[in-house]
Every structure is written in C-alpha cells, then in structure tokens.
There are 2 protein chains.
Amino acid sequence: MYAYALPKPYLLFVGDIEVPTLVKTGMGVRDWAREDCVGQWRLSDRAHDLGLKELTPAAAVANGAKSLLISVAPVGGHLPQAWIAHMVSALEAGLDIVSGLHDRLSMIEPIARAAERYGRSLFDIRHSDHIPIPIANGRKRAGKRLLMVGTDCALGKKYTALALAKAMQASGITADFRATGQTGIMISGAGIAIDAVVADFIAGAAEVLSPDAVPDHWDVIEGQGSLFHPAYAGVTLGLLHGSQPDALILCHQPGRTHVAHFKGYELPSLSEAIEAYLPLARRTNPRAVFAGISLNTSLFEMAEAQELMAAIENDLGLPVFDPLRSDLGPVIERILTCV
Amino acid sequence: MYAYALPKPYLLFVGDIEVPTLVKTGMGVRDWAREDCVGQWRLSDRAHDLGLKELTPAAAVANGAKSLLISVAPVGGHLPQAWIAHMVSALEAGLDIVSGLHDRLSMIEPIARAAERYGRSLFDIRHSDHIPIPIANGRKRAGKRLLMVGTDCALGKKYTALALAKAMQASGITADFRATGQTGIMISGAGIAIDAVVADFIAGAAEVLSPDAVPDHWDVIEGQGSLFHPAYAGVTLGLLHGSQPDALILCHQPGRTHVAHFKGYELPSLSEAIEAYLPLARRTNPRAVFAGISLNTSLFEMAEAQELMAAIENDLGLPVFDPLRSDLGPVIERILTCV
C-alpha cells in the first residue's frame, strides 16, 4: 500500500548550493533520519556543509549507500544542466537516485539512459501519476489517526508530526509517521506527495496513505497547506476528509499574522481555526477532536515561549507545546485519552 | 486565457451505444448548444437516437462541421478498439476530434498518426496538463461572479448555470457560462476540467477560468462536487476559493437523502449547507451571499414541485426555482440586487 519504498541509506547530494534555505530538505533528512545518511556529496568547498562525512558515490556505495538523495532545491525547481553528468556518475557507481524536483529525472534522456544501462532506479517523488490511487470511498477504517492541520503553510506541521511519532514510539505506542510531502517522504522512505495528485483523487490518496490497522495503532499524518490558504485549501480539505482523523493537532507560529506571501489574508485566531476545522473533520469521522496546539516558537526566547504556551493552554484547555522544545508527555497523554 | 477553443460546429459521434444514460454528454450538447450540432453519426440503427440529422463524416464536413465530438461514455471511459478506425476516417474526412474520455486520443498511435498525416487536431478535454495554470494568488478580480454549489454531486449544477447564463443574456446582462467539467466544456467550447488539474492548482485553475472583467459583467460558473462529498470536497473548496463568487446558488434534489453511492453519508439540510459554504466563500470574497436555491424537481409532478418550492422559499427567504421549469426572473433580480 505504500507509495514508495525508497532505497536507504542515502548519500546526500548538496551539489554547489551555498544558500542554507535551499538545503532545507537535506537538513530535514539529516535531523530526522540521521541513521539513514551515510554521507554528503558536495561539488565545491563553498557548498553548504550538512556536517556529514564527505563521500564520493563510489565511497558511499562501499559504505553501504543505496541511493543518492538530491537534498537541495535549486531555484525554479529544475535540475541544473551541469549536474546531469554527476547524476550519471552516481548511477554508474551503483546508486539509485531520489529526487523531489519538478523536473522528472526519468524525462532527462542521459539520466534515463544511464539508469537503464546500469540497472538502477529513478524515484521522482514529486510525481505520483504512476501510483494507482482510487477515488475515496469514505469507509471508516480501523486503527487510529492523528492529523496535523495549520493556520497557514510552512509553520511546523511536518516537524510536529515527526516529533510526535517519535515520542509515541519511544513510549511504547505502535505509531507510524505518514508523509504527505516530499521531504517527509525522503525522511520516512514512503508516502504520497498529496499536492501532486490529480484533484479528484486527493481524499483517495489520503485513504491509501493510512490503511486499515489494528485498533490501537496510530498513524501520525503530516498535514499539508491550510484551510485558510487561498491557493491550497482544497488539498487540505481532501487530506482532512481522507485521513478520517480521530485526533487533530493545530499548528501555528505565534507572531505570524497573515498568510505568507498573500497580501490581505489575515490568519484566523486559534479558536476560529478549531471551529472551522472541526465540523469538516467530523464529516468523515464524527468522533474527531482536537488534542493539542503545536507552536513554532523559534522566534521567541525560551522563557517568553513558555509564558505564551501557558497562556494559550489556560485559554483553550488543550495541551500546548513546541515540538522541538517541550516535553511531549502531556499532549501524548491527551491524544491517547481523547479518543 | 480560455483553456480551450473547440472547433464548432460538431458532428456528434454516438457509435453503437444504446443505453441512454451513456449518451448524457450528447444530450447535454444537443439541448444546450443545438446550433453547434450539424448532425449525428451512429454505427448501428439500434444506437441511441439524439434526433439529429444522420451524417457521415464527409457529409458533415460538407455541411460545415469542424469537429467530431465523442458524445458518449463507454463503460470504463475507454475508447473501444473497434472505434479506432472510425476516428481515423473522421480525421481523414477533415474533422478534428473532441474527446472527454479517460484515454487520451493523442496516446492512441493510429489516431495520433492519422491526425498528424491529415493536419487535424485532437482535443482531450479531460486532461489539462498542457494548460499553463498558475498557483492561485487570491487577488480580488474585477467583474461579478455567480457560482453553483450543491448538497451533492450530479443533481443539476451544470443545467442551473446554463439556464441562468442564458436567461441573464436574454434579459440584456453581459454574462458568460464558465465550464468546469467536460460536458460543460463541449457545450460552451471553452473551460477547464477542474477535477483533472493537479491538486495544488485547483484554485489557480478557477482564477484563470474567470478572469478580470468589466464591473457589471457576470461569470456564471458551473460548480463541481460538493463540500459534503467524502471524495470530492477538496475540488469543491478549491473552486469556491478561486472563483471568489459574489453570489452563490445552492443546488439540491428534493428526495435525495444520502450522498449518491456513499453509504452512511447523509446530506445536510439546505440551511446547514448554506451555513457551511458561506464562511468558506467569504475567505476570498467577504461579500459573498446566497442568491437562490435551485431544485431539480424532475421526480415530482408540477403542482407538487411548486408547493415544495413555495414552502422552502417561505422558510429560507431566498428565491427557489427549478432551472428547467420555473420563471427565472425572480432569482435573476435577486442576483443583481444582492451584490
């Protein structure tokens, strides 16, 4: 049922990219799947340093690497012409290639030919048109599901889901992180890039992503977009319906007041967001409830962040946490008891 | 800006399809774009009769036809093997081909080769991956917009939009029907199959579909899906956001109590539906209001239908109409005055 089973461990390709924000994918994979990273491959000393062992493709293969992960986002999402030869040499060395670029590696002739010649695979994980995804059927599935939703995009839904899945596993709960975007897929080695499926199949993809499971198993589902986003709300609603969450976590970044890059679109308050999400969630799972609020407090000092979280917790009566700073015990307890 | 400019008039291809429900597309085009239909082409006397002039492709060309319209839906959405030769002969006779099938004609080699040989075009209108669609920007556009929304799928949104656009034009209002599905596209000769775009681009496609216009121009936008549908609500919400409707029409079929083909999914009441749609519509157009209720009363006698409509009108304080049975004057007046 998984959309991908990516060959791990990875050699992380940084190329000649120097700007750290363009290496976010690589940082995410390094931080959340450190054990899957054999090393990094940089084309210049000025390229961003992920702090991994410097390896050539051949050396990485000797160290057990199974695939080259393009862990950078070149501006525009296209593969620079100059990298084609490097991709070919990685294939020749015995690595598969995993890419989240807009360009499909399988459509770039020298790369496709080399993959065939050396018997290697190309994983274009942004594209899912080769995955058989059905129309959603709306049937309630067995097992439990926790979904991240947000007041906006890009404020910590993926990190929240990863941190919660890890903490749940650590406390003995059987839980799986379910990736809905490319970095999440690279980290977990499976998933579906939900915003890349054809519109009719959004909820169907979400149903496939978290299949029937034993009653006390938890799928911890990375969210996408936001119900309040003028471009992406359709993706968010289809994912919400198909995920049939028993519990929801609302993710927010304090201090952010408007939809990023969309002038005139104010963000809702936390309680407005809860009121908007909940009836829509209950369409496919009438027992859906919110179990906590995840705050990305990276812009605040620790003391200030704690004060802020305590105030919101007092206000809304839900556990409030920063996935990278807080003890996750209270929210996990709420997740387990609220269903 | 239009996604398609289909070559009209059409020769309607019925093939050997006998079951009337599989010829719904042809009936829609005949009923709503009669002046664009030169004739019909049936492969057998038992095939469904649309009541149009029987013409071969060559005779249709002599009568001015510009394209062959595949106006039937074979079971499974695939082009029967036996039809390939007929498609080739239509191209040879000088017709382009318009198809809403899942299969792309351009991927069926003998058809693609024949199109090239005879210099003809193939329009696979279910597929929009060749149309440059941007991510939505959420900017408020000039001109006015009327969007159909529903309690469920397949209960009269397209016919409501077509009837309202026609009646508005007849009363001197500058109005355009904007098609969001394949039959609508065939009828109007333009539009975007909104459920076929990649999920990230739903709202962007809706923005492209109804571009800036003069202040008193109305786009009458065919709806898709339903906010209450466990499979398609994402499409509906993206279309709602991108359309930025000033006025909405709620479409419903009295007597229908559950989502068609989805066990356990009750339909909302009309007032529940209005309450659910309105705040979401106001995210991209804070002035959005409902202007009327369209009922598909085809299962009721006329007197019964009128009683039903009067009762709902009294209840909700909105004009209630059946697009195929009622005087549309009152709802059009409400549309013009509510904005």
# chains A, B, ... in the order shown; residues from 1 in each chain; ligands from 1

call {"tool": "residues_around", "arguments": {"residues": "Ala206 of chain A", "least_positions_apart": "4", "cutoff": "12 Å", "atoms": "only C-alpha atoms", "output": "number ranges by chain"}}
result
A: 1-3, 133-138, 141, 145, 147, 178-181, 191-195, 197, 200-202, 210-211, 219, 221-224, 235-245; B: 230-231, 234

call {"tool": "select_by_dssp", "arguments": {"residues": "segment 114-320 of chain B", "states": "strand (DSSP E or B)", "output": "number ranges by chain"}}
result
B: 122-124, 144-150, 175-178, 198, 218-221, 247-252, 258, 266, 289-295, 320

call {"tool": "select_by_dssp", "arguments": {"residues": "segment 6-97 of chain A", "states": "alpha helix (DSSP H)", "output": "PyMOL selection string"}}
result
chain A and resi 24-32+57-62+84-93

call {"tool": "residues_around", "arguments": {"residues": "Tyr277 of chain B", "least_positions_apart": "3", "cutoff": "9 Å", "atoms": "only C-alpha atoms", "output": "PyMOL selection string"}}
result
chain B and resi 149+227+237+240+272-274+280-282

call {"tool": "closest_residue", "arguments": {"among": "A:Leu52, A:Arg139, A:Cys153, A:Asp322", "to": "Tyr265 of chain B", "atoms": "only C-alpha atoms"}}
result
A:Arg139

call {"tool": "atom_distance", "arguments": {"atom1": "atom CA of Trp83 of chain A", "atom2": "atom CA of Ile185 of chain A"}}
result
22.8 Å

call {"tool": "atom_distance", "arguments": {"atom1": "atom CA of Pro57 of chain B", "atom2": "atom CA of Ser99 of chain B"}}
result
15.9 Å

call {"tool": "residues_around", "arguments": {"residues": "Met87 of chain B", "least_positions_apart": "2", "cutoff": "12 Å", "atoms": "only C-alpha atoms", "output": "VMD selection string"}}
result
chain B and resid 13 15 41 56 to 57 67 to 70 79 to 85 89 to 99 105 to 106 108 to 115 120 to 122

call {"tool": "atom_distance", "arguments": {"atom1": "atom CA of Thr160 of chain A", "atom2": "atom CA of Cys251 of chain A"}}
result
7.9 Å

call {"tool": "closest_residue", "arguments": {"among": "A:Ser294, A:Ser128, A:Gln40, A:Thr337", "to": "Thr151 of chain A", "atoms": "only C-alpha atoms"}}
result
A:Ser294
